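Chemist: The structure follows.
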Amino acid sequence: MPRWLSRTLRWSAYALGVVWLGLMSVWLAHVFADTKGKAEIEHALLDVADLVRESDLAPRAVVDALDDWADTLPIVIGTPVPAPAPSADAPSPYGDPSGGGWLALANPGFNVGYDETERLPRWATYRALPVKFLPPDRPSRFRVDRRTQAQVRTEVYARSGYDRGHLAPNHILAVAHGPEAQLASFLMSNVAPQLPGLNAGLWRDLEQRVAHRYVRRYGEVWVACGPVLDAEATARRIGPPESPVRVPDAFWMVVAERTDAGALRVLAFLVPHREIWRDPNPSAYLVSVDQVERLTGLDFFPALPARTQDALEREPAPRAW
């Protein structure tokens with residue numbers, strides 16, 4: 001055997017031994033640590049794993065394997081709350097967000113609560129499901145929703161500096177609920193002004209996270225999302241002065257899944273309305289559902305008992321799944 005090859009194999013064996021000893025040390029530390037210590041170790045391990053999990057360059061099989069491993073950690077599992085069986089068919093199985101008096105619009109695959117005064121949706125709900133349909137071509141244009149009084153036209157967004165940002169996303173509606181749902185997602189009642197860097201960046205990443213990684217792991221997840229309109233901020237608007245569209249100050253997304261044991265757990269993301277193209281740390285945007293309720297005036301999961309809602313909503317998830 002050439003000397004250089006022998007030396008390389010020897011150093012490789014040393015390196016693997018060091019890695020193995022390091023992993024064993026971490027495992028032993030985790031076994032004997034108290035609850036707080038275990039959580040700190042798990043956070044540290046996930047910080048390292050997320051360098052791969054959140055990278056665009058990582059092979060999908062590697063990301064999937066790390067996701068499955070993460071789902072075994074208590075810090076990711078969280079504290080699911082026992083809940084009654086959900087409605088079988090509704091986009092939001094424990095009830096659409098209530099409050100605000102917004103116009104309720106039912107669509108194939110998703111629902112919307114529309115604000116006629118600010119001329120944009122305040123919430124949308126949908127189920128993220130495994131792929132059932134081949135993705136059709138993307139519709140070529142957005143359409144006025146004649147069910148609304150505002151009847152916002154797509155031209156309002158032209159040269160405004162803002163994208164027509166879907167709340168209920170085109171792709172997952174198309175592949176999970178079919179072409180009629182995809183077409184309905186292009187109604188202007190499902191659209192809010194969103195900066196291009198956010199629409200094609202972090203917000204899209206969250207949508208794709210749900211559509212691919214969460215659906216693969218959990219089979220079905222339920223999503224509600226919408227804008228935050230800060231009453232204390234100076235309102236930004238686009239469009240003609242007589243009928244302007246309010247520009248959101250932030251966006252929120254609440255994701256829920258029901259475990260095999262019949263318990264619920266949730267993630268609530270709160271994202272500032274800025275050009276955020278990428279962020280490898282989605283956990284930085286986690287808040288409690290209660291905080292989203294305070295900011296929006298909405299009540300989530302209204303069909304659940306009050307005690308269940310409180311247990312589910314009062315604390316942020318410790319880590320993004």
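Residues are referred to by chain and number: the chain letter is A, B, ... according to the order shown in the structure tokens, the number counts from 1 in that chain, and ligands are numbered separately from 1 in the order shown.
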If you take only C-alpha atoms and a cut-off of 9 Å, which residues of stretch 64-142 of chain A touch stretch 168-180 of chain A, and what are their nearest atom pairs and distances in Å to one decimal, in chain and number order, as JSON lines?

Modeler:
```
{"residue": "A:Asn107", "atom": "CA", "partner": "A:Glu180", "partner_atom": "CA", "distance": 8.9}
{"residue": "A:Pro108", "atom": "CA", "partner": "A:Glu180", "partner_atom": "CA", "distance": 6.4}
{"residue": "A:Gly109", "atom": "CA", "partner": "A:His177", "partner_atom": "CA", "distance": 5.7}
{"residue": "A:Phe110", "atom": "CA", "partner": "A:Ala168", "partner_atom": "CA", "distance": 6.9}
{"residue": "A:Asn111", "atom": "CA", "partner": "A:Ala168", "partner_atom": "CA", "distance": 8.4}
{"residue": "A:Val112", "atom": "CA", "partner": "A:Ala168", "partner_atom": "CA", "distance": 8.4}
{"residue": "A:Trp123", "atom": "CA", "partner": "A:Ala168", "partner_atom": "CA", "distance": 9.0}
{"residue": "A:Ala124", "atom": "CA", "partner": "A:Ala168", "partner_atom": "CA", "distance": 5.9}
{"residue": "A:Thr125", "atom": "CA", "partner": "A:Ala168", "partner_atom": "CA", "distance": 6.9}
{"residue": "A:Tyr126", "atom": "CA", "partner": "A:Ala168", "partner_atom": "CA", "distance": 6.7}
{"residue": "A:Arg127", "atom": "CA", "partner": "A:Ala176", "partner_atom": "CA", "distance": 8.4}
{"residue": "A:Ala128", "atom": "CA", "partner": "A:Ile172", "partner_atom": "CA", "distance": 6.7}
{"residue": "A:Leu129", "atom": "CA", "partner": "A:Ala176", "partner_atom": "CA", "distance": 5.5}
{"residue": "A:Pro130", "atom": "CA", "partner": "A:Ala176", "partner_atom": "CA", "distance": 6.1}
{"residue": "A:Val131", "atom": "CA", "partner": "A:Ala176", "partner_atom": "CA", "distance": 5.0}
{"residue": "A:Lys132", "atom": "CA", "partner": "A:Ala176", "partner_atom": "CA", "distance": 5.3}
{"residue": "A:Phe133", "atom": "CA", "partner": "A:Val175", "partner_atom": "CA", "distance": 4.6}
{"residue": "A:Leu134", "atom": "CA", "partner": "A:Val175", "partner_atom": "CA", "distance": 5.9}
{"residue": "A:Pro135", "atom": "CA", "partner": "A:Val175", "partner_atom": "CA", "distance": 5.3}
{"residue": "A:Pro136", "atom": "CA", "partner": "A:Pro179", "partner_atom": "CA", "distance": 6.8}
{"residue": "A:Arg138", "atom": "CA", "partner": "A:Asn170", "partner_atom": "CA", "distance": 8.0}
```

Chemist: Could you list, as a PyMOL selection string, every residue within 9 Å of A:Pro318, counting only C-alpha atoms and ignoring same-chain residues fewer than 5 positions away?

Modeler: chain A and resi 75-76+78+283+286

Chemist: Put those residues in a file: C-alpha atoms, as a PDB file, in the first residue's frame.

Modeler:
```pdb
ATOM      1  CA  ILE A  75     -37.464  20.018  21.970  1.00  0.00           C
ATOM      2  CA  VAL A  76     -39.037  19.485  18.529  1.00  0.00           C
ATOM      3  CA  GLY A  78     -42.950  19.986  22.151  1.00  0.00           C
ATOM      4  CA  SER A 283     -37.187  29.425  14.661  1.00  0.00           C
ATOM      5  CA  LEU A 286     -41.668  31.829  16.319  1.00  0.00           C
TER       6      LEU A 286
END
```

Chemist: In terms of the shortest atom-to-atom distance over only C-alpha atoms, which of A:Val228, A:Val255, A:Leu195, A:Ala61 is closest to A:Val215?

Modeler: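 The shortest atom-to-atom distance to A:Val215 comes from A:Val255.
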
Chemist: Please identify all polymer residues within 7 Å of A:Ala268, counting only C-alpha atoms, omitting same-chain residues fewer than 4 positions from it, and present them as a list of chain:residue names.

Modeler: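 The neighbour list is A:Met253, A:Val254, A:Val255, A:Leu286, A:Val287, A:Ser288, A:Val289.
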
Chemist: Would you please work out which residue, of A:Trp321, A:Phe251, A:Tyr162, A:Tyr94, is nearest to A:Asp299 when using only C-alpha atoms?

Modeler: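 Closest candidate: A:Tyr94.
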
Chemist: Write out as a PyMOL selection string the residues lying within 10 Å of A:Phe301, counting only C-alpha atoms and excluding same-chain residues fewer than 6 positions away.

Modeler: chain A and resi 92-98+256+308-309+312-313

Chemist: Could you name the residues that touch A:Pro280 at 9 Å or less, counting only C-alpha atoms, but leaving out those on the same chain fewer than 6 positions away, as a PyMOL selection string?

Modeler: chain A and resi 50-51+53-55

Chemist: Grab the residues selected above and save them as a compact mmCIF listing (two decimals), in the first residue's frame with C-alpha atoms.

Modeler:
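Once everything was written out, this is part-v4.txt:
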```
# COMPACT_ATOMS: atom_id res chain seq x y z
CA ASP A 50 -29.72 23.06 10.61
CA LEU A 51 -26.58 24.11 8.76
CA ARG A 53 -31.32 21.08 6.92
CA GLU A 54 -31.76 24.72 5.89
CA SER A 55 -29.23 24.71 3.05
```

Chemist: Just the residues within 10 Å of A:Val81, please, counting only C-alpha atoms, with nothing from its chain fewer than 2 positions along; format it as a PyMOL selection string.

Modeler: chain A and resi 78-79+83+258-259+261-266+308-312

Chemist: Can you list, as number ranges by chain, every protein, DNA or RNA residue that comes within 10 Å of A:Ala250 when you count only C-alpha atoms, leaving out same-chain residues fewer than 5 positions away?

Modeler: A: 194, 226-230, 270-274, 295

Chemist: Based on the selection just made, write N, CA and C atoms of those residues as a compact mmCIF listing (two decimals), in the first residue's frame.

Modeler:
```txt
# COMPACT_ATOMS: atom_id res chain seq x y z
N GLN A 194 -47.09 42.53 -0.99
CA GLN A 194 -45.94 41.92 -0.33
C GLN A 194 -44.67 42.28 -1.09
N GLY A 226 -51.98 35.30 7.30
CA GLY A 226 -52.57 36.59 7.00
C GLY A 226 -51.64 37.74 7.35
N PRO A 227 -52.12 38.96 7.18
CA PRO A 227 -51.32 40.14 7.45
C PRO A 227 -51.56 40.69 8.86
N VAL A 228 -50.62 41.48 9.32
CA VAL A 228 -50.79 42.31 10.52
C VAL A 228 -50.89 43.75 10.05
N LEU A 229 -51.95 44.43 10.46
CA LEU A 229 -52.12 45.86 10.18
C LEU A 229 -51.97 46.58 11.52
N ASP A 230 -50.85 47.22 11.69
CA ASP A 230 -50.53 47.87 12.97
C ASP A 230 -51.29 49.18 13.09
N LEU A 270 -44.23 34.88 13.00
CA LEU A 270 -44.51 36.29 12.80
C LEU A 270 -43.33 36.89 12.06
N VAL A 271 -43.57 37.36 10.83
CA VAL A 271 -42.50 37.79 9.93
C VAL A 271 -42.67 39.28 9.62
N PRO A 272 -41.68 40.11 9.91
CA PRO A 272 -41.81 41.54 9.55
C PRO A 272 -41.87 41.72 8.05
N HIS A 273 -42.55 42.78 7.62
CA HIS A 273 -42.68 43.02 6.19
C HIS A 273 -41.43 43.75 5.70
N ARG A 274 -40.40 42.95 5.46
CA ARG A 274 -39.13 43.45 4.94
C ARG A 274 -38.65 42.52 3.84
N LEU A 295 -52.27 40.81 18.08
CA LEU A 295 -51.92 41.71 16.98
C LEU A 295 -53.01 41.81 15.93
```

Chemist: Give the answer as one residue: which of A:Arg60, A:Arg278, A:His212, A:Arg119 has the shortest atom-to-atom distance to A:Arg237, using only C-alpha atoms?

Modeler: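 Looking at the shortest contact to A:Arg237, the residue is A:Arg119.
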
Chemist: Between atom CA of A:Ala104 and atom CA of A:Glu207, what is the distance, to one decimal in Å?

Modeler: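 Atom-to-atom, atom CA of A:Ala104 and atom CA of A:Glu207 are spaced 22.7 Å apart.
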
Chemist: Could you write out, as a PyMOL selection string, all the residues of stretch 60-230 of chain A that DSSP marks as alpha helix (DSSP H)?

Modeler: chain A and resi 60-70+74-77+170-177+179-184+196-199+202-208+215-218

Chemist: Generate a file of the selected residues that holds C-alpha atoms, formatted as a PDB file, in the first residue's frame.

Modeler:
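The resulting result-v9.pdb:
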```pdb
ATOM      1  CA  ARG A  60     -33.106  15.987  -0.212  1.00  0.00           C
ATOM      2  CA  ALA A  61     -32.435  12.515   1.224  1.00  0.00           C
ATOM      3  CA  VAL A  62     -30.034  13.990   3.779  1.00  0.00           C
ATOM      4  CA  VAL A  63     -32.519  16.722   4.771  1.00  0.00           C
ATOM      5  CA  ASP A  64     -35.271  14.108   5.120  1.00  0.00           C
ATOM      6  CA  ALA A  65     -33.071  11.921   7.336  1.00  0.00           C
ATOM      7  CA  LEU A  66     -32.170  14.875   9.580  1.00  0.00           C
ATOM      8  CA  ASP A  67     -35.830  15.923   9.749  1.00  0.00           C
ATOM      9  CA  ASP A  68     -36.800  12.429  10.884  1.00  0.00           C
ATOM     10  CA  TRP A  69     -34.064  12.485  13.512  1.00  0.00           C
ATOM     11  CA  ALA A  70     -35.168  15.936  14.709  1.00  0.00           C
ATOM     12  CA  PRO A  74     -38.349  16.417  22.858  1.00  0.00           C
ATOM     13  CA  ILE A  75     -37.464  20.018  21.970  1.00  0.00           C
ATOM     14  CA  VAL A  76     -39.037  19.485  18.529  1.00  0.00           C
ATOM     15  CA  ILE A  77     -41.886  17.276  19.698  1.00  0.00           C
ATOM     16  CA  ASN A 170     -50.975  28.513  -5.653  1.00  0.00           C
ATOM     17  CA  HIS A 171     -48.704  25.438  -5.722  1.00  0.00           C
ATOM     18  CA  ILE A 172     -50.013  23.405  -2.821  1.00  0.00           C
ATOM     19  CA  LEU A 173     -53.623  24.158  -3.739  1.00  0.00           C
ATOM     20  CA  ALA A 174     -52.906  22.938  -7.261  1.00  0.00           C
ATOM     21  CA  VAL A 175     -51.255  19.639  -6.301  1.00  0.00           C
ATOM     22  CA  ALA A 176     -53.330  18.858  -3.190  1.00  0.00           C
ATOM     23  CA  HIS A 177     -56.767  20.205  -4.140  1.00  0.00           C
ATOM     24  CA  PRO A 179     -57.002  22.981 -10.763  1.00  0.00           C
ATOM     25  CA  GLU A 180     -60.190  24.678  -9.513  1.00  0.00           C
ATOM     26  CA  ALA A 181     -58.505  25.464  -6.200  1.00  0.00           C
ATOM     27  CA  GLN A 182     -55.429  26.767  -8.000  1.00  0.00           C
ATOM     28  CA  LEU A 183     -57.551  29.020 -10.197  1.00  0.00           C
ATOM     29  CA  ALA A 184     -59.435  30.344  -7.164  1.00  0.00           C
ATOM     30  CA  PRO A 196     -40.749  40.959  -3.745  1.00  0.00           C
ATOM     31  CA  GLY A 197     -37.861  39.892  -1.522  1.00  0.00           C
ATOM     32  CA  LEU A 198     -40.243  38.473   1.064  1.00  0.00           C
ATOM     33  CA  ASN A 199     -42.752  36.990  -1.390  1.00  0.00           C
ATOM     34  CA  LEU A 202     -38.592  33.754   3.409  1.00  0.00           C
ATOM     35  CA  TRP A 203     -42.382  33.629   2.957  1.00  0.00           C
ATOM     36  CA  ARG A 204     -42.026  31.236   0.036  1.00  0.00           C
ATOM     37  CA  ASP A 205     -39.568  29.173   2.082  1.00  0.00           C
ATOM     38  CA  LEU A 206     -42.153  28.803   4.856  1.00  0.00           C
ATOM     39  CA  GLU A 207     -44.812  27.756   2.336  1.00  0.00           C
ATOM     40  CA  GLN A 208     -42.445  25.209   0.793  1.00  0.00           C
ATOM     41  CA  VAL A 215     -46.546  16.987   4.667  1.00  0.00           C
ATOM     42  CA  ARG A 216     -43.960  14.230   4.151  1.00  0.00           C
ATOM     43  CA  ARG A 217     -43.455  13.841   7.896  1.00  0.00           C
ATOM     44  CA  TYR A 218     -46.985  14.328   9.215  1.00  0.00           C
TER      45      TYR A 218
END
```

Chemist: Could you give me the residues within stretch 194-242 of chain A that DSSP places in strand (DSSP E), as a list in words?

Modeler: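 Listing strand (DSSP E) positions across stretch 194-242 of chain A yields Gln194, Val221, Trp222, Val223, Ala224, Cys225, Gly226, Pro227, Val228, Arg236, Arg237 and Ile238 of chain A.
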
Chemist: Using only C-alpha atoms for the distances, tell me which of A:Leu103, A:Ser189, A:Glu315, A:Gln291 is nearest to A:Val144.

Modeler: A:Ser189

Chemist: Just give me the gap between atom CA of A:Ser160 and atom CA of A:Pro193 in Å, one decimal is fine.

Modeler: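 Spanning atom CA of A:Ser160 to atom CA of A:Pro193 is a straight-line distance of 8.9 Å.
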
Chemist: Here is a test: counting only C-alpha atoms, which residue of A:Gly161, A:Gly113, A:Pro91, A:Pro84 is nearest to A:Gly239?

Modeler: A:Gly161

Chemist: Find the distance between atom CA of A:Pro82 and atom CA of A:Glu257 and write it in Å to one decimal.

Modeler: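 It comes out at 11.7 Å.
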